[in-house]
Amino acid sequence: MELEKLKEYLRVDFSDDDGIIGLMLEAVLDEMEELIPAFDREALTSRQQLLICTYVKEMYDNRDRTTSGQEKLRFAVQSMMLKEMLR
C-alpha cells in the first residue's frame with residue numbers, strides 16, 4: 001500500500017507526519033504478516049487495504065489519547081482481522 005493512498009484515507013495533506021504514518025503502516029503490515037496465512041504485501045485484497053487504512057487511522061487519530069471511546073471501531077477492526085486470519 002502506498003503512503004499517499006493511506007494519507008488520502010487519513011485526510012492528511014501535509015508531509016509533517018509521513019514518518020509516523022509510515023511507521024504505523026509498517027507495524028500493521030508486520031502484524032498482518034504474522035497473523036494472516038499466505039499474506040502478501042504486494043497483492044493486497046480490497047478488504048486487506050481497507051483493514052490497513054482503518055487500523056492505521058485508529059492508531060493515528062488516537063496516538064495522544066488514552067480513552068476507550070473507540071471500542072466499536074476496535075471490534076470492527078478485530079473482526080476483519082479475524083476473518084483474514086481464518087481465510
# chains A, B, ... in the order shown; residues from 1 in each chain; ligands from 1
>>> select_by_dssp(residues="chain A", states="alpha helix (DSSP H)", output="ChimeraX atom specification")
/A:3-10,18-35,46-61,71-86
>>> residues_around(residues="Leu86 (chain A)", least_positions_apart="2", cutoff="10 Å", atoms="only C-alpha atoms", output="JSON, numbers by chain")
{"A": [35, 36, 37, 81, 82, 83, 84]}
>>> residues_around(residues="Glu26 (chain A)", least_positions_apart="3", cutoff="12 Å", atoms="only C-alpha atoms", output="JSON, numbers by chain")
{"A": [1, 2, 3, 6, 19, 20, 21, 22, 23, 29, 30, 31, 32, 33, 41, 52, 53, 55, 56]}
>>> closest_residue(among="A:Glu34, A:Leu25, A:Glu4, A:Asp13", to="Tyr60 (chain A)", atoms="only C-alpha atoms")
A:Leu25
>>> closest_residue(among="A:Ser15, A:Ala43, A:Met59, A:Tyr9", to="Ala27 (chain A)", atoms="only C-alpha atoms")
A:Met59
>>> atom_distance(atom1="CA of Met85 (chain A)", atom2="CA of Leu10 (chain A)")
24.8 Å
>>> decode(residues="region 25-79 of chain A", atoms="C-alpha atoms", output="compact mmCIF listing (two decimals), in the first residue's frame")
# COMPACT_ATOMS: atom_id res chain seq x y z
CA LEU A 25 1.79 1.29 8.18
CA GLU A 26 4.82 -0.96 8.58
CA ALA A 27 3.65 -2.10 12.03
CA VAL A 28 0.21 -3.01 10.68
CA LEU A 29 1.74 -4.87 7.73
CA ASP A 30 4.09 -6.73 10.07
CA GLU A 31 1.16 -7.74 12.27
CA MET A 32 -0.86 -8.89 9.27
CA GLU A 33 2.09 -10.99 8.05
CA GLU A 34 2.26 -12.68 11.43
CA LEU A 35 -1.47 -13.33 11.72
CA ILE A 36 -2.74 -13.98 8.19
CA PRO A 37 -1.64 -17.17 6.41
CA ALA A 38 -0.20 -16.53 2.94
CA PHE A 39 -0.36 -12.75 3.42
CA ASP A 40 1.31 -10.93 0.52
CA ARG A 41 2.19 -7.24 0.91
CA GLU A 42 2.41 -6.93 -2.87
CA ALA A 43 -1.05 -8.39 -3.60
CA LEU A 44 -3.40 -6.85 -1.05
CA THR A 45 -7.09 -7.59 -1.36
CA SER A 46 -9.56 -4.72 -1.14
CA ARG A 47 -10.59 -5.92 2.32
CA GLN A 48 -6.95 -6.02 3.44
CA GLN A 49 -6.40 -2.49 2.11
CA LEU A 50 -9.46 -1.23 3.98
CA LEU A 51 -8.33 -3.05 7.11
CA ILE A 52 -4.91 -1.39 6.87
CA CYS A 53 -6.46 2.05 6.38
CA THR A 54 -8.88 1.57 9.27
CA TYR A 55 -6.23 0.19 11.60
CA VAL A 56 -3.73 2.98 10.83
CA LYS A 57 -6.45 5.63 11.10
CA GLU A 58 -7.38 4.39 14.56
CA MET A 59 -3.73 4.49 15.65
CA TYR A 60 -3.11 7.90 14.04
CA ASP A 61 -6.27 9.55 15.38
CA ASN A 62 -5.74 8.20 18.89
CA ARG A 63 -1.97 8.45 19.22
CA ASP A 64 -2.29 11.02 22.02
CA ARG A 65 -5.39 9.65 23.74
CA THR A 66 -5.80 7.08 26.46
CA THR A 67 -9.62 6.82 26.42
CA SER A 68 -11.63 3.79 25.36
CA GLY A 69 -14.16 5.66 23.21
CA GLN A 70 -13.13 3.80 20.07
CA GLU A 71 -14.24 0.33 21.26
CA LYS A 72 -16.79 -0.19 18.46
CA LEU A 73 -14.22 0.60 15.79
CA ARG A 74 -11.66 -1.59 17.51
CA PHE A 75 -14.10 -4.52 17.45
CA ALA A 76 -14.76 -3.96 13.74
CA VAL A 77 -11.03 -3.97 13.03
CA GLN A 78 -10.58 -7.12 15.13
CA SER A 79 -13.45 -8.79 13.29
